[in-house]
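Source file: protein23.txt. Holds: compact mmCIF, C-alpha atoms and all ligand atoms.
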# COMPACT_ATOMS: atom_id res chain seq x y z
CA MET A 695 0.00 0.00 0.00
CA ILE A 696 1.30 3.49 -0.84
CA GLN A 697 2.10 5.49 2.32
CA PHE A 698 -0.10 8.51 2.91
CA ASP A 699 1.89 11.72 2.31
CA LEU A 700 0.96 13.83 5.34
CA LYS A 701 3.46 16.58 4.54
CA SER A 702 1.83 17.36 1.17
CA TYR A 703 -1.63 16.98 2.68
CA LEU A 704 -0.89 19.48 5.47
CA LYS A 705 0.73 21.89 3.01
CA GLU A 706 -2.27 21.84 0.68
CA LYS A 707 -4.84 22.17 3.47
CA ARG A 708 -2.85 24.92 5.21
CA HIS A 709 -2.80 26.81 1.92
CA ASN A 710 -6.57 26.40 1.45
CA VAL A 711 -7.26 27.50 5.03
CA ASP A 712 -4.91 30.49 4.76
CA SER A 713 -6.63 31.67 1.56
CA ALA A 714 -10.07 31.32 3.14
CA LEU A 715 -8.97 33.16 6.30
CA ASP A 716 -7.48 35.93 4.19
CA ALA A 717 -10.78 36.29 2.35
CA PHE A 718 -12.87 36.19 5.53
CA LEU A 719 -10.85 38.74 7.50
CA PRO A 720 -11.93 42.34 6.86
CA GLN A 721 -9.34 44.71 5.36
CA PRO A 722 -8.04 47.22 7.92
CA GLU A 723 -9.89 50.38 6.93
CA GLY A 724 -12.25 52.90 8.47
CA PHE A 725 -12.24 54.21 12.04
CA SER A 726 -11.64 50.75 13.57
CA ALA A 727 -8.68 49.97 11.27
CA PRO A 728 -6.23 49.22 14.16
CA LEU A 729 -8.60 46.57 15.50
CA LEU A 730 -8.91 44.90 12.09
CA GLU A 731 -5.17 45.15 11.57
CA ALA A 732 -4.46 43.49 14.93
CA MET A 733 -6.94 40.67 14.21
CA ARG A 734 -5.35 40.04 10.81
CA TYR A 735 -1.82 40.31 12.25
CA SER A 736 -2.35 37.54 14.80
CA VAL A 737 -4.32 35.21 12.54
CA MET A 738 -2.00 35.55 9.55
CA ALA A 739 1.19 35.27 11.67
CA GLY A 740 1.03 31.57 10.88
CA GLY A 741 0.44 28.59 13.09
CA LYS A 742 -0.05 24.98 12.17
CA ARG A 743 -3.79 25.40 11.42
CA LEU A 744 -4.31 22.10 13.23
CA ARG A 745 -7.92 22.76 14.23
CA PRO A 746 -9.23 23.76 10.78
CA ILE A 747 -7.28 20.89 9.18
CA LEU A 748 -8.83 18.45 11.66
CA ALA A 749 -12.28 19.74 10.70
CA LEU A 750 -11.51 19.28 6.99
CA ALA A 751 -10.03 15.81 7.55
CA ALA A 752 -13.00 14.69 9.67
CA SER A 753 -15.36 15.89 6.99
CA GLU A 754 -13.40 13.94 4.37
CA ALA A 755 -13.61 10.83 6.53
CA VAL A 756 -17.42 10.98 6.26
CA ASP A 757 -17.51 12.04 2.59
CA GLY A 758 -18.20 15.73 3.24
CA VAL A 759 -17.72 18.67 0.87
CA GLN A 760 -14.73 20.93 1.66
CA SER A 761 -16.41 24.23 0.69
CA GLU A 762 -19.26 23.55 3.14
CA VAL A 763 -16.87 22.93 6.06
CA MET A 764 -14.45 25.77 5.33
CA PRO A 765 -16.35 28.58 7.15
CA ALA A 766 -16.56 26.44 10.29
CA ALA A 767 -12.91 25.43 9.91
CA CYS A 768 -11.93 29.12 9.77
CA ALA A 769 -14.21 29.93 12.72
CA LEU A 770 -12.22 27.39 14.77
CA GLU A 771 -8.93 29.08 13.86
CA LEU A 772 -10.30 32.53 14.74
CA ILE A 773 -11.37 31.28 18.17
CA HIS A 774 -8.04 29.54 18.69
CA THR A 775 -6.16 32.73 17.75
CA TYR A 776 -8.31 34.81 20.10
CA SER A 777 -7.41 32.43 22.94
CA LEU A 778 -3.70 32.79 22.16
CA ILE A 779 -3.94 36.61 22.11
CA HIS A 780 -5.68 36.67 25.48
CA ASP A 781 -3.43 33.98 26.96
CA ASP A 782 -0.36 36.08 26.05
CA LEU A 783 -1.67 39.24 27.79
CA PRO A 784 0.16 40.67 30.82
CA ALA A 785 -2.77 39.62 33.04
CA MET A 786 -2.33 36.01 31.95
CA ASP A 787 0.98 34.53 30.70
CA ASP A 788 2.57 37.84 29.77
CA ASP A 789 4.42 36.49 26.73
CA ASP A 790 6.24 38.61 24.14
CA LEU A 791 6.59 36.15 21.30
CA ARG A 792 3.98 34.04 19.54
CA ARG A 793 4.12 32.30 16.17
CA GLY A 794 7.59 33.77 15.71
CA VAL A 795 6.48 37.41 15.94
CA PRO A 796 5.80 39.87 18.79
CA THR A 797 2.54 39.07 20.56
CA CYS A 798 -0.54 41.12 19.74
CA HIS A 799 -0.33 43.33 22.85
CA VAL A 800 3.36 44.01 22.23
CA ALA A 801 2.64 45.04 18.65
CA PHE A 802 -0.65 46.93 19.17
CA GLY A 803 -0.97 47.68 22.89
CA GLU A 804 -3.02 45.90 25.50
CA ALA A 805 -6.39 47.50 24.85
CA ILE A 806 -6.36 46.74 21.13
CA ALA A 807 -5.14 43.17 21.83
CA ILE A 808 -8.07 42.55 24.19
CA LEU A 809 -10.46 43.94 21.59
CA ALA A 810 -8.83 41.95 18.78
CA GLY A 811 -9.46 38.77 20.79
CA ASP A 812 -13.05 39.79 21.43
CA GLY A 813 -13.45 40.68 17.76
CA LEU A 814 -12.13 37.30 16.57
CA LEU A 815 -14.39 35.36 18.95
CA THR A 816 -17.51 37.16 17.78
CA TYR A 817 -16.50 37.19 14.13
CA ALA A 818 -16.11 33.41 14.24
CA PHE A 819 -19.84 33.03 14.83
CA GLU A 820 -20.60 35.65 12.18
CA ILE A 821 -18.74 33.72 9.47
CA LEU A 822 -20.40 30.48 10.56
CA ALA A 823 -23.83 32.02 10.08
CA ARG A 824 -22.78 33.64 6.80
CA GLY A 825 -21.29 30.34 5.56
CA ALA A 826 -24.55 28.56 6.28
CA ASP A 827 -26.41 31.14 4.21
CA ALA A 828 -23.94 31.06 1.33
CA ASN A 829 -23.91 27.26 1.11
CA ASN A 830 -27.62 26.95 1.68
CA LEU A 831 -26.89 24.59 4.54
CA ASN A 832 -29.58 22.88 6.48
CA SER A 833 -30.16 25.00 9.57
CA GLN A 834 -30.30 21.99 11.89
CA LYS A 835 -26.70 21.16 11.00
CA THR A 836 -25.51 24.73 11.49
CA LEU A 837 -27.31 25.05 14.80
CA LYS A 838 -25.62 21.86 16.02
CA VAL A 839 -22.22 23.20 14.97
CA ILE A 840 -22.84 26.51 16.76
CA HIS A 841 -23.84 24.60 19.87
CA VAL A 842 -20.73 22.36 19.81
CA LEU A 843 -18.44 25.32 19.15
CA ALA A 844 -19.92 27.57 21.84
CA LYS A 845 -19.73 24.78 24.42
CA ALA A 846 -16.13 23.91 23.54
CA ALA A 847 -14.92 27.53 23.51
CA GLY A 848 -16.87 28.79 26.49
CA ILE A 849 -17.42 28.22 30.18
CA THR A 850 -17.83 24.44 29.84
CA GLY A 851 -14.74 24.22 27.65
CA MET A 852 -11.70 26.38 26.96
CA VAL A 853 -12.62 29.41 29.11
CA GLY A 854 -13.52 27.10 32.01
CA GLY A 855 -10.23 25.21 31.67
CA GLN A 856 -8.20 28.40 31.42
CA THR A 857 -9.90 29.68 34.59
CA VAL A 858 -8.84 26.62 36.59
CA ASP A 859 -5.33 26.92 35.10
CA VAL A 860 -5.13 30.57 36.23
CA ILE A 861 -6.46 30.00 39.74
CA MET A 862 -4.22 26.97 40.35
CA GLU A 863 -1.02 28.80 39.41
CA ASN A 864 1.62 28.41 42.16
CA LYS A 865 -0.57 25.92 43.99
CA GLU A 866 -0.20 22.17 44.56
CA ILE A 867 -2.26 20.38 41.97
CA ASN A 868 -3.33 16.75 41.71
CA SER A 869 -3.72 14.61 38.60
CA GLU A 870 -7.50 15.03 38.60
CA GLN A 871 -7.24 18.82 38.52
CA LEU A 872 -4.57 18.64 35.85
CA ALA A 873 -6.73 16.34 33.73
CA TYR A 874 -9.59 18.85 34.05
CA ILE A 875 -7.37 21.70 32.86
CA HIS A 876 -6.03 19.73 29.89
CA LYS A 877 -9.42 18.38 28.85
CA HIS A 878 -11.08 21.80 28.93
CA LYS A 879 -8.36 24.31 28.09
CA THR A 880 -6.93 22.49 25.07
CA GLY A 881 -8.82 19.26 24.50
CA ALA A 882 -12.29 20.72 24.11
CA LEU A 883 -11.54 22.84 21.03
CA ILE A 884 -9.55 20.05 19.37
CA GLN A 885 -12.38 17.57 19.97
CA ALA A 886 -14.89 20.14 18.70
CA SER A 887 -12.83 20.61 15.52
CA VAL A 888 -13.20 16.94 14.66
CA GLU A 889 -16.88 16.84 15.65
CA ILE A 890 -17.69 19.97 13.65
CA GLY A 891 -16.03 18.56 10.54
CA ALA A 892 -18.04 15.37 10.94
CA ILE A 893 -21.33 17.22 11.50
CA MET A 894 -20.79 19.54 8.53
CA GLY A 895 -19.75 16.53 6.44
CA GLY A 896 -23.02 14.77 7.21
CA GLY A 897 -21.60 11.88 9.30
CA SER A 898 -23.89 9.27 10.85
CA ARG A 899 -24.51 9.11 14.61
CA GLU A 900 -22.00 6.22 14.93
CA GLN A 901 -19.38 8.10 12.92
CA LEU A 902 -19.88 11.23 15.04
CA SER A 903 -19.44 9.30 18.25
CA ALA A 904 -16.27 7.52 17.01
CA LEU A 905 -14.80 10.81 15.78
CA ALA A 906 -15.63 12.57 19.06
CA GLU A 907 -13.68 9.83 20.84
CA TYR A 908 -10.78 10.31 18.43
CA GLY A 909 -10.81 14.09 19.01
CA ALA A 910 -10.93 13.79 22.80
CA ALA A 911 -7.93 11.43 22.92
CA LEU A 912 -6.00 13.48 20.37
CA GLY A 913 -6.60 16.69 22.34
CA LEU A 914 -5.18 15.18 25.52
CA ALA A 915 -2.14 13.80 23.72
CA PHE A 916 -1.62 17.21 22.09
CA GLN A 917 -1.51 18.98 25.44
CA ILE A 918 0.92 16.47 26.99
CA VAL A 919 3.23 16.90 23.98
CA ASP A 920 2.87 20.67 24.35
CA ASP A 921 4.02 20.36 27.98
CA LEU A 922 6.97 18.21 26.86
CA LEU A 923 7.91 20.69 24.11
CA ASP A 924 8.05 23.43 26.71
CA ILE A 925 10.91 21.45 28.27
CA GLU A 926 12.56 19.75 25.30
CA GLY A 927 11.52 21.95 22.36
CA ASP A 928 13.56 24.34 20.22
CA GLU A 929 12.58 27.99 20.68
CA GLU A 930 13.48 28.86 17.09
CA ILE A 931 11.35 26.08 15.56
CA MET A 932 8.43 26.74 17.91
CA GLY A 933 8.38 30.51 17.48
CA LYS A 934 7.76 31.04 21.20
CA PRO A 935 9.85 30.83 24.35
CA VAL A 936 10.43 27.43 25.97
CA GLY A 937 10.80 26.79 29.69
CA SER A 938 7.99 29.19 30.56
CA ASP A 939 5.90 26.54 32.38
CA ILE A 940 8.74 25.85 34.84
CA LYS A 941 9.50 29.57 35.20
CA LYS A 942 5.83 30.26 35.99
CA ASN A 943 5.57 27.21 38.22
CA LYS A 944 2.75 25.84 36.07
CA ALA A 945 1.19 22.48 36.65
CA THR A 946 2.11 20.25 33.74
CA TYR A 947 2.17 16.56 32.96
CA PRO A 948 5.98 16.25 33.11
CA ALA A 949 6.04 18.21 36.38
CA LEU A 950 3.59 15.77 37.91
CA PHE A 951 4.64 12.48 36.31
CA GLY A 952 8.10 13.02 34.79
CA ILE A 953 9.14 13.00 31.14
CA THR A 954 9.14 9.25 30.46
CA LYS A 955 5.71 8.64 31.95
CA SER A 956 4.31 11.68 30.14
CA ARG A 957 5.56 10.37 26.80
CA GLU A 958 4.00 6.97 27.53
CA LYS A 959 0.70 8.59 28.46
CA ALA A 960 0.69 10.66 25.26
CA GLN A 961 1.32 7.49 23.24
CA GLU A 962 -1.55 5.74 25.06
CA TYR A 963 -3.91 8.55 24.03
CA ILE A 964 -2.67 8.38 20.44
CA ASP A 965 -3.29 4.61 20.39
CA LYS A 966 -6.79 5.28 21.73
CA ALA A 967 -7.39 7.91 19.04
CA LEU A 968 -6.24 5.48 16.35
CA SER A 969 -8.42 2.64 17.56
CA SER A 970 -11.47 4.95 17.50
CA LEU A 971 -10.97 5.04 13.73
CA ASP A 972 -11.08 1.23 13.30
CA SER A 973 -14.46 1.26 11.58
CA PHE A 974 -13.35 3.87 8.99
CA ASP A 975 -11.86 3.12 5.59
CA ASN A 976 -8.87 4.83 3.97
CA LYS A 977 -10.72 8.16 3.83
CA ALA A 978 -9.72 8.47 7.50
CA GLU A 979 -6.03 8.10 6.58
CA PRO A 980 -5.36 11.85 7.10
CA LEU A 981 -6.81 11.62 10.62
CA ARG A 982 -4.61 8.58 11.35
CA ALA A 983 -1.53 10.35 10.02
CA ILE A 984 -2.34 13.51 12.04
CA ALA A 985 -2.55 11.43 15.22
CA ASN A 986 0.93 10.01 14.56
CA TYR A 987 2.20 13.50 13.74
CA VAL A 988 0.90 15.00 17.00
CA ILE A 989 3.16 12.77 19.06
CA GLN A 990 6.20 13.33 16.85
CA ARG A 991 5.80 17.06 16.31
CA ASN A 992 8.56 19.50 17.20
CA ARG A 993 6.46 22.69 17.12
C1 LIG B 1001 -7.57 32.92 27.13
C2 LIG B 1001 -9.85 31.84 27.11
C3 LIG B 1001 -8.41 31.73 26.98
C4 LIG B 1001 -7.91 30.53 26.73
C5 LIG B 1001 -6.49 30.27 26.51
C6 LIG B 1001 -5.25 28.09 24.23
C7 LIG B 1001 -5.07 28.57 25.58
C8 LIG B 1001 -6.28 28.81 26.40
C9 LIG B 1001 -3.88 28.87 26.06
C10 LIG B 1001 -2.66 28.79 25.27
C11 LIG B 1001 -1.60 28.28 26.13
C12 LIG B 1001 -1.08 27.05 25.60
C13 LIG B 1001 0.31 27.11 25.08
C14 LIG B 1001 -1.81 25.95 25.62
C15 LIG B 1001 -1.27 24.68 25.17
C16 LIG B 1001 -1.91 24.12 23.97
C17 LIG B 1001 -2.04 25.09 22.90
C18 LIG B 1001 -3.38 25.61 22.70
C19 LIG B 1001 -1.00 25.41 22.15
C20 LIG B 1001 -1.05 26.32 21.01
O1 LIG B 1001 -1.71 25.71 19.95
P1 LIG B 1001 -0.95 25.32 18.62
O2 LIG B 1001 0.32 24.57 18.95
O3 LIG B 1001 -0.56 26.77 18.08
O4 LIG B 1001 -1.90 24.63 17.70
P2 LIG B 1001 -0.44 27.31 16.58
O5 LIG B 1001 0.28 28.61 16.73
O6 LIG B 1001 0.33 26.30 15.77
O7 LIG B 1001 -1.83 27.49 16.08
Representation of the structure as structure tokens:
Amino acid sequence: MIQFDLKSYLKEKRHNVDSALDAFLPQPEGFSAPLLEAMRYSVMAGGKRLRPILALAASEAVDGVQSEVMPAACALELIHTYSLIHDDLPAMDDDDLRRGVPTCHVAFGEAIAILAGDGLLTYAFEILARGADANNLNSQKTLKVIHVLAKAAGITGMVGGQTVDVIMENKEINSEQLAYIHKHKTGALIQASVEIGAIMGGGSREQLSALAEYGAALGLAFQIVDDLLDIEGDEEIMGKPVGSDIKKNKATYPALFGITKSREKAQEYIDKALSSLDSFDNKAEPLRAIANYVIQRNR
């Protein structure tokens, strides 16, 4: 069997996502130009585009149509970028470098960075609604996607997880609390990316449930690898400082369990993600390859 070429796949999808994001983002003009410029600056600074690519790959696995998923895929990236902008703020992680360039608040000031994050979050839902109109999508499907996205990004997902992360800083933390932070802060949006692709692609109930399982396991593995990269990663390749978790005394997997055990745990989650795809044919090959990439990634 010919090996699936993940590198070309990621390159092509990243290009498609970047073009769509470029088209969706308003041009910086008018009285609010600095806001629009800051939004565009942070989104177009790069990034792996993992969440939109997961949505596209999940849709492919259930025979979906790329143009119908693309607005939702871009909405996921806008929400992810908003979370990075806010996470980098002085009130949170106070980081100066992100995606290889100065963070949004360093480049545009704190007030505009807060507003750029707010703008991206809201605009994500605007392009979802607009995409549904443009593609004449069935409103039931769109409503379900909005529900999944709002839950994953909001108080029961990313914002909830970030809150626990913030309040537990410099405190003793147990594995249960750490699992909560990982599952909500990072895992929820990654799982939602896969689910949203599958919903938009018209997957069956069984397919949706298998893909949700895949996304949940992948999200947890992703966060453990992120913790490991903060210790073992290369600052230049990652485009952000390493060692910041230790400096900020953050609760991480390696801090709690050590490097070897953390790697084993990440591999366990990847194996779980892969076995969730057992009932899928070779259209799920991109999802399988992405799972293997997540554990081997260096950025
Ligand atoms: C501020 C509500 C709010 C949430 C912030 C995402 C997040 C929650 C914090 C970011 C801190 C962090 C480094 C989390 C670890 C996992 C993660 C989300 C890494 C960054 O995602 P990548 O690696 O980044 O996909 P790129 O730049 O490639 O898109």
Shell of 9 Å around A:Val711, all atoms listed in the file, local chain residues under 3 positions omitted, as a PyMOL selection string: chain A and resi 706-708+714-716+743+746-747+764+767-768
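Remark: for ligand LIG 1001 (chain B), the closest of the candidate residues A:Pro722, A:Pro784, A:Gly952, A:Pro765 is A:Pro784 (distances computed over only C-alpha atoms and all ligand atoms).
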Just checking: using all atoms listed in the file, which residue out of A:Lys944, A:Arg982, A:Lys835, A:His876 ends up closest to A:Leu905? A:Arg982
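Atom CA of A:Phe974 is positioned 22.7 Å from atom CA of A:Ala882.
Considering the residues A:Asp859, A:Ala985, A:Gln871, A:Ser833 and counting all atoms listed in the file, A:Ala910 has its shortest atom-to-atom contact with A:Ala985.
Selection of all polymer residues within 6 Å of ligand LIG 1001 (chain B) on the basis of only C-alpha atoms and all ligand atoms gives Gly741, Lys742, Arg743, Leu744, Ser777, Leu778, His780, Asp781, Arg793, Met852, Val853, Gln856, Lys879, Thr880, Gln917 and Asp920 of chain A.
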Give as a PyMOL selection string the set of residues within 12 Å of the point (0.7, 22.3, 27.3), where distances use the file's coordinates and only C-alpha atoms. chain A and resi 856+859+872-873+875-881+913-925+927+936-940+944-949+956+960+993
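Closest approach to A:Lys865 among A:Gly851, A:Ile989, A:Ala846, A:Lys942 is made by A:Lys942 (distances from all atoms listed in the file).
Closest approach to A:Glu900 among A:Ala823, A:Lys959, A:Glu863, A:Ser970: A:Ser970, based on only C-alpha atoms.
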